[in-house]
Amino acid sequence: MIAPQGRGIAGPETSTDTFRILHVSTGNVCRSPITERLTRHALSERLGDPDAGGLVVESAGTWGHEGAPMEAHAATVLTDFGADPHGFTGRELLDEHVIRADLVLTATRDHRAQVISMGHSAGLRTFTLKEFTRLVRAIDPTTLPAPDGAGGVVERARALVQAAAALRGWLLAPDAEADEVHDPYGAPITFFRSIGDEIQLALDPVVTALTGVPAA
């Protein structure tokens, strides 16, 4: 299922029937909320039923504004894409979020380093968003489990993360900026929209790889 609107943590237990994607930025009021809600929106479009597939999408911030609403410009960007900004509240990144995540996608390399430094064997499942996109583009989708197979989308997602981790040392970023999504906090709506476009472009091949369904 795709996590309910809001904080998205259902309970302390983990399940082999679900695959948790955690988006991480700094304050959890701009970049990671946009990425979380665009991911949910894309999954709903690809899978049809918002509760299908077993994918749970969440977000948090390394300096999270606990309980804060999403920035107004971020909500506008989501509305522009047809995604739902309602019901969101920010939260600070905790150990439990990293422990439960099957895939952590961060806005920047600094965020990635902070997540990995928390431990919990996070290194092999933590990437910047753009880094993961670059790696996913290099993976032959026919080598992944079929999304309609016995393990469904969850098995495919786990295999995708393993394949991306194996490629990381071989497919490096062309430059330091290539893996960064810059912070639009305090910027005008035009910059928020450019960041929204960046995130959307990075997410599209990821969601296609996860679900086996290309964008309409």
# chains A, B, ... in the order shown; residues from 1 in each chain; ligands from 1
>>> select_by_dssp(residues="stretch 70-182 of chain A", states="strand (DSSP E)", output="PyMOL selection string")
chain A and resi 103-106+126-128
>>> residues_around(residues="A:Ile21", least_positions_apart="3", cutoff="12 Å", atoms="only C-alpha atoms", output="PyMOL selection string")
chain A and resi 1-3+8-9+18+24+32+35-37+39-40+43+54-60+97-106+125-127+129+154+157-158+161+206-207+210
>>> closest_residue(among="A:Ile189, A:Ala74, A:Ile199, A:Leu135", to="A:Leu172", atoms="only C-alpha atoms")
A:Leu135
>>> closest_residue(among="A:Val77, A:Leu203, A:Ala42, A:Leu22", to="A:Leu93", atoms="only C-alpha atoms")
A:Leu22
>>> residues_around(residues="A:Val136", least_positions_apart="2", cutoff="8 Å", atoms="only C-alpha atoms", output="ChimeraX atom specification")
/A:132-134,138-139,160,164,205-206,209
>>> write_last_selection(atoms="N, CA and C atoms", output="PDB file, in the first residue's frame")
ATOM      1  N   PHE A 132      20.526   7.484  -7.542  1.00  0.00           N
ATOM      2  CA  PHE A 132      19.731   6.274  -7.755  1.00  0.00           C
ATOM      3  C   PHE A 132      19.141   6.261  -9.162  1.00  0.00           C
ATOM      4  N   THR A 133      18.706   7.423  -9.639  1.00  0.00           N
ATOM      5  CA  THR A 133      18.188   7.506 -11.005  1.00  0.00           C
ATOM      6  C   THR A 133      19.249   7.091 -12.015  1.00  0.00           C
ATOM      7  N   ARG A 134      20.463   7.604 -11.835  1.00  0.00           N
ATOM      8  CA  ARG A 134      21.550   7.275 -12.759  1.00  0.00           C
ATOM      9  C   ARG A 134      21.823   5.770 -12.762  1.00  0.00           C
ATOM     10  N   ALA A 138      20.896   2.335 -15.761  1.00  0.00           N
ATOM     11  CA  ALA A 138      21.882   1.388 -16.279  1.00  0.00           C
ATOM     12  C   ALA A 138      21.485  -0.064 -16.053  1.00  0.00           C
ATOM     13  N   ILE A 139      20.389  -0.304 -15.352  1.00  0.00           N
ATOM     14  CA  ILE A 139      19.954  -1.662 -15.034  1.00  0.00           C
ATOM     15  C   ILE A 139      18.991  -2.163 -16.101  1.00  0.00           C
ATOM     16  N   LEU A 160      15.895  -4.348  -7.322  1.00  0.00           N
ATOM     17  CA  LEU A 160      16.369  -3.102  -7.927  1.00  0.00           C
ATOM     18  C   LEU A 160      17.393  -2.417  -7.033  1.00  0.00           C
ATOM     19  N   ALA A 164      21.311  -1.714  -7.941  1.00  0.00           N
ATOM     20  CA  ALA A 164      21.847  -0.348  -7.916  1.00  0.00           C
ATOM     21  C   ALA A 164      23.068  -0.271  -7.008  1.00  0.00           C
ATOM     22  N   PRO A 205      12.068   7.630 -14.078  1.00  0.00           N
ATOM     23  CA  PRO A 205      12.659   6.304 -14.348  1.00  0.00           C
ATOM     24  C   PRO A 205      12.700   5.398 -13.128  1.00  0.00           C
ATOM     25  N   VAL A 206      12.749   5.981 -11.945  1.00  0.00           N
ATOM     26  CA  VAL A 206      12.747   5.174 -10.721  1.00  0.00           C
ATOM     27  C   VAL A 206      11.407   4.471 -10.555  1.00  0.00           C
ATOM     28  N   ALA A 209      11.009   1.747 -13.094  1.00  0.00           N
ATOM     29  CA  ALA A 209      11.784   0.554 -12.746  1.00  0.00           C
ATOM     30  C   ALA A 209      11.146  -0.220 -11.603  1.00  0.00           C
TER      31      ALA A 209
END
>>> residues_around(residues="A:Glu92", least_positions_apart="6", cutoff="12 Å", atoms="only C-alpha atoms", output="PDB file with N, CA, C and O atoms, in the first residue's frame")
ATOM      1  N   ARG A   7       1.989  11.502   8.502  1.00  0.00           N
ATOM      2  CA  ARG A   7       3.308  11.038   8.901  1.00  0.00           C
ATOM      3  C   ARG A   7       3.670   9.701   8.269  1.00  0.00           C
ATOM      4  O   ARG A   7       4.811   9.445   7.975  1.00  0.00           O
ATOM      5  N   HIS A  23      12.205   9.314   1.857  1.00  0.00           N
ATOM      6  CA  HIS A  23      12.829  10.481   1.245  1.00  0.00           C
ATOM      7  C   HIS A  23      13.329  11.406   2.351  1.00  0.00           C
ATOM      8  O   HIS A  23      12.600  11.703   3.305  1.00  0.00           O
ATOM      9  N   VAL A  24      14.565  11.885   2.208  1.00  0.00           N
ATOM     10  CA  VAL A  24      15.196  12.679   3.256  1.00  0.00           C
ATOM     11  C   VAL A  24      15.743  13.984   2.689  1.00  0.00           C
ATOM     12  O   VAL A  24      16.438  13.985   1.665  1.00  0.00           O
ATOM     13  N   SER A  25      15.428  15.090   3.362  1.00  0.00           N
ATOM     14  CA  SER A  25      16.052  16.381   3.080  1.00  0.00           C
ATOM     15  C   SER A  25      16.414  17.009   4.422  1.00  0.00           C
ATOM     16  O   SER A  25      16.621  16.296   5.397  1.00  0.00           O
ATOM     17  N   THR A  26      16.483  18.329   4.492  1.00  0.00           N
ATOM     18  CA  THR A  26      16.910  18.983   5.728  1.00  0.00           C
ATOM     19  C   THR A  26      15.733  19.234   6.673  1.00  0.00           C
ATOM     20  O   THR A  26      15.629  18.639   7.736  1.00  0.00           O
ATOM     21  N   GLY A  27      14.823  20.115   6.276  1.00  0.00           N
ATOM     22  CA  GLY A  27      13.732  20.508   7.164  1.00  0.00           C
ATOM     23  C   GLY A  27      12.471  19.680   7.040  1.00  0.00           C
ATOM     24  O   GLY A  27      11.577  19.802   7.871  1.00  0.00           O
ATOM     25  N   ASN A  28      12.393  18.840   5.978  1.00  0.00           N
ATOM     26  CA  ASN A  28      11.185  18.064   5.700  1.00  0.00           C
ATOM     27  C   ASN A  28       9.964  18.963   5.520  1.00  0.00           C
ATOM     28  O   ASN A  28       8.864  18.653   5.956  1.00  0.00           O
ATOM     29  N   VAL A  29      10.203  20.105   4.869  1.00  0.00           N
ATOM     30  CA  VAL A  29       9.082  20.995   4.537  1.00  0.00           C
ATOM     31  C   VAL A  29       9.101  21.415   3.066  1.00  0.00           C
ATOM     32  O   VAL A  29       8.137  22.018   2.593  1.00  0.00           O
ATOM     33  N   SER A  32      11.841  17.037   0.460  1.00  0.00           N
ATOM     34  CA  SER A  32      11.366  15.669   0.723  1.00  0.00           C
ATOM     35  C   SER A  32       9.849  15.548   0.696  1.00  0.00           C
ATOM     36  O   SER A  32       9.342  14.510   0.245  1.00  0.00           O
ATOM     37  N   GLU A  58       7.431   7.488   2.548  1.00  0.00           N
ATOM     38  CA  GLU A  58       7.504   8.376   3.703  1.00  0.00           C
ATOM     39  C   GLU A  58       8.579   9.426   3.473  1.00  0.00           C
ATOM     40  O   GLU A  58       9.311   9.368   2.485  1.00  0.00           O
ATOM     41  N   SER A  59       8.698  10.373   4.408  1.00  0.00           N
ATOM     42  CA  SER A  59       9.797  11.343   4.349  1.00  0.00           C
ATOM     43  C   SER A  59      10.121  11.842   5.745  1.00  0.00           C
ATOM     44  O   SER A  59       9.332  11.698   6.685  1.00  0.00           O
ATOM     45  N   ALA A  60      11.318  12.440   5.880  1.00  0.00           N
ATOM     46  CA  ALA A  60      11.769  13.007   7.149  1.00  0.00           C
ATOM     47  C   ALA A  60      12.914  13.965   6.844  1.00  0.00           C
ATOM     48  O   ALA A  60      13.437  13.993   5.724  1.00  0.00           O
ATOM     49  N   GLY A  61      13.317  14.742   7.857  1.00  0.00           N
ATOM     50  CA  GLY A  61      14.386  15.708   7.668  1.00  0.00           C
ATOM     51  C   GLY A  61      15.492  15.542   8.685  1.00  0.00           C
ATOM     52  O   GLY A  61      15.230  15.260   9.863  1.00  0.00           O
ATOM     53  N   THR A  62      16.745  15.734   8.263  1.00  0.00           N
ATOM     54  CA  THR A  62      17.874  15.610   9.176  1.00  0.00           C
ATOM     55  C   THR A  62      17.831  16.686  10.267  1.00  0.00           C
ATOM     56  O   THR A  62      18.357  16.501  11.352  1.00  0.00           O
ATOM     57  N   TRP A  63      17.226  17.827   9.942  1.00  0.00           N
ATOM     58  CA  TRP A  63      16.901  18.864  10.922  1.00  0.00           C
ATOM     59  C   TRP A  63      15.406  19.147  10.802  1.00  0.00           C
ATOM     60  O   TRP A  63      14.990  20.286  10.615  1.00  0.00           O
ATOM     61  N   GLY A  64      14.626  18.089  10.858  1.00  0.00           N
ATOM     62  CA  GLY A  64      13.209  18.167  10.545  1.00  0.00           C
ATOM     63  C   GLY A  64      12.428  19.121  11.434  1.00  0.00           C
ATOM     64  O   GLY A  64      12.640  19.170  12.643  1.00  0.00           O
ATOM     65  N   HIS A  65      11.547  19.872  10.822  1.00  0.00           N
ATOM     66  CA  HIS A  65      10.650  20.770  11.539  1.00  0.00           C
ATOM     67  C   HIS A  65       9.456  19.948  12.018  1.00  0.00           C
ATOM     68  O   HIS A  65       8.426  19.880  11.349  1.00  0.00           O
ATOM     69  N   GLU A  66       9.610  19.319  13.150  1.00  0.00           N
ATOM     70  CA  GLU A  66       8.613  18.384  13.664  1.00  0.00           C
ATOM     71  C   GLU A  66       7.248  19.054  13.772  1.00  0.00           C
ATOM     72  O   GLU A  66       7.094  20.083  14.423  1.00  0.00           O
ATOM     73  N   GLY A  67       6.263  18.465  13.097  1.00  0.00           N
ATOM     74  CA  GLY A  67       4.894  18.960  13.150  1.00  0.00           C
ATOM     75  C   GLY A  67       4.599  20.145  12.260  1.00  0.00           C
ATOM     76  O   GLY A  67       3.460  20.609  12.210  1.00  0.00           O
ATOM     77  N   ALA A  68       5.605  20.641  11.532  1.00  0.00           N
ATOM     78  CA  ALA A  68       5.403  21.830  10.692  1.00  0.00           C
ATOM     79  C   ALA A  68       4.663  21.461   9.409  1.00  0.00           C
ATOM     80  O   ALA A  68       4.807  20.347   8.899  1.00  0.00           O
ATOM     81  N   VAL A  98      15.113   4.993   9.609  1.00  0.00           N
ATOM     82  CA  VAL A  98      16.184   4.388   8.815  1.00  0.00           C
ATOM     83  C   VAL A  98      16.141   2.870   8.936  1.00  0.00           C
ATOM     84  O   VAL A  98      16.295   2.145   7.945  1.00  0.00           O
TER      85      VAL A  98
END
>>> closest_residue(among="A:Ala83, A:Ala146, A:Leu78, A:Ala165", to="A:Leu124", atoms="only C-alpha atoms")
A:Ala165
>>> decode(residues="stretch 82-125 of chain A", atoms="C-alpha atoms", output="PDB file, in the first residue's frame")
ATOM      1  CA  GLY A  82      -1.724  16.965  -9.914  1.00  0.00           C
ATOM      2  CA  ALA A  83      -0.392  15.506  -6.650  1.00  0.00           C
ATOM      3  CA  ASP A  84      -2.031  15.943  -3.241  1.00  0.00           C
ATOM      4  CA  PRO A  85      -0.236  18.206  -0.729  1.00  0.00           C
ATOM      5  CA  HIS A  86      -2.891  17.958   1.985  1.00  0.00           C
ATOM      6  CA  GLY A  87      -2.431  16.490   5.451  1.00  0.00           C
ATOM      7  CA  PHE A  88       1.355  16.654   5.515  1.00  0.00           C
ATOM      8  CA  THR A  89       3.310  17.325   8.725  1.00  0.00           C
ATOM      9  CA  GLY A  90       7.096  17.520   8.965  1.00  0.00           C
ATOM     10  CA  ARG A  91       9.144  15.236  11.156  1.00  0.00           C
ATOM     11  CA  GLU A  92      12.724  14.812  12.298  1.00  0.00           C
ATOM     12  CA  LEU A  93      14.668  11.826  10.994  1.00  0.00           C
ATOM     13  CA  LEU A  94      14.922   9.131  13.672  1.00  0.00           C
ATOM     14  CA  ASP A  95      16.736   5.834  13.921  1.00  0.00           C
ATOM     15  CA  GLU A  96      13.457   3.958  13.544  1.00  0.00           C
ATOM     16  CA  HIS A  97      12.811   5.546  10.151  1.00  0.00           C
ATOM     17  CA  VAL A  98      16.184   4.388   8.815  1.00  0.00           C
ATOM     18  CA  ILE A  99      15.856   0.925  10.366  1.00  0.00           C
ATOM     19  CA  ARG A 100      12.507   0.346   8.693  1.00  0.00           C
ATOM     20  CA  ALA A 101      13.368   1.791   5.291  1.00  0.00           C
ATOM     21  CA  ASP A 102      14.186  -0.553   2.417  1.00  0.00           C
ATOM     22  CA  LEU A 103      15.340   2.366   0.263  1.00  0.00           C
ATOM     23  CA  VAL A 104      16.457   5.813   1.438  1.00  0.00           C
ATOM     24  CA  LEU A 105      16.614   8.554  -1.201  1.00  0.00           C
ATOM     25  CA  THR A 106      18.193  11.826  -0.118  1.00  0.00           C
ATOM     26  CA  ALA A 107      18.240  15.288  -1.645  1.00  0.00           C
ATOM     27  CA  THR A 108      22.024  15.718  -1.359  1.00  0.00           C
ATOM     28  CA  ARG A 109      25.248  13.842  -0.694  1.00  0.00           C
ATOM     29  CA  ASP A 110      25.448  15.437   2.760  1.00  0.00           C
ATOM     30  CA  HIS A 111      22.048  13.996   3.631  1.00  0.00           C
ATOM     31  CA  ARG A 112      23.190  10.610   2.349  1.00  0.00           C
ATOM     32  CA  ALA A 113      26.271  10.774   4.559  1.00  0.00           C
ATOM     33  CA  GLN A 114      24.170  11.708   7.584  1.00  0.00           C
ATOM     34  CA  VAL A 115      21.829   8.771   7.056  1.00  0.00           C
ATOM     35  CA  ILE A 116      24.701   6.336   6.603  1.00  0.00           C
ATOM     36  CA  SER A 117      26.422   7.696   9.725  1.00  0.00           C
ATOM     37  CA  MET A 118      23.371   6.658  11.759  1.00  0.00           C
ATOM     38  CA  GLY A 119      24.370   3.046  11.160  1.00  0.00           C
ATOM     39  CA  HIS A 120      21.726   0.308  10.865  1.00  0.00           C
ATOM     40  CA  SER A 121      23.497  -1.099   7.763  1.00  0.00           C
ATOM     41  CA  ALA A 122      22.058   1.806   5.785  1.00  0.00           C
ATOM     42  CA  GLY A 123      24.941   2.160   3.325  1.00  0.00           C
ATOM     43  CA  LEU A 124      23.723  -0.333   0.739  1.00  0.00           C
ATOM     44  CA  ARG A 125      20.192   1.083   0.630  1.00  0.00           C
TER      45      ARG A 125
END
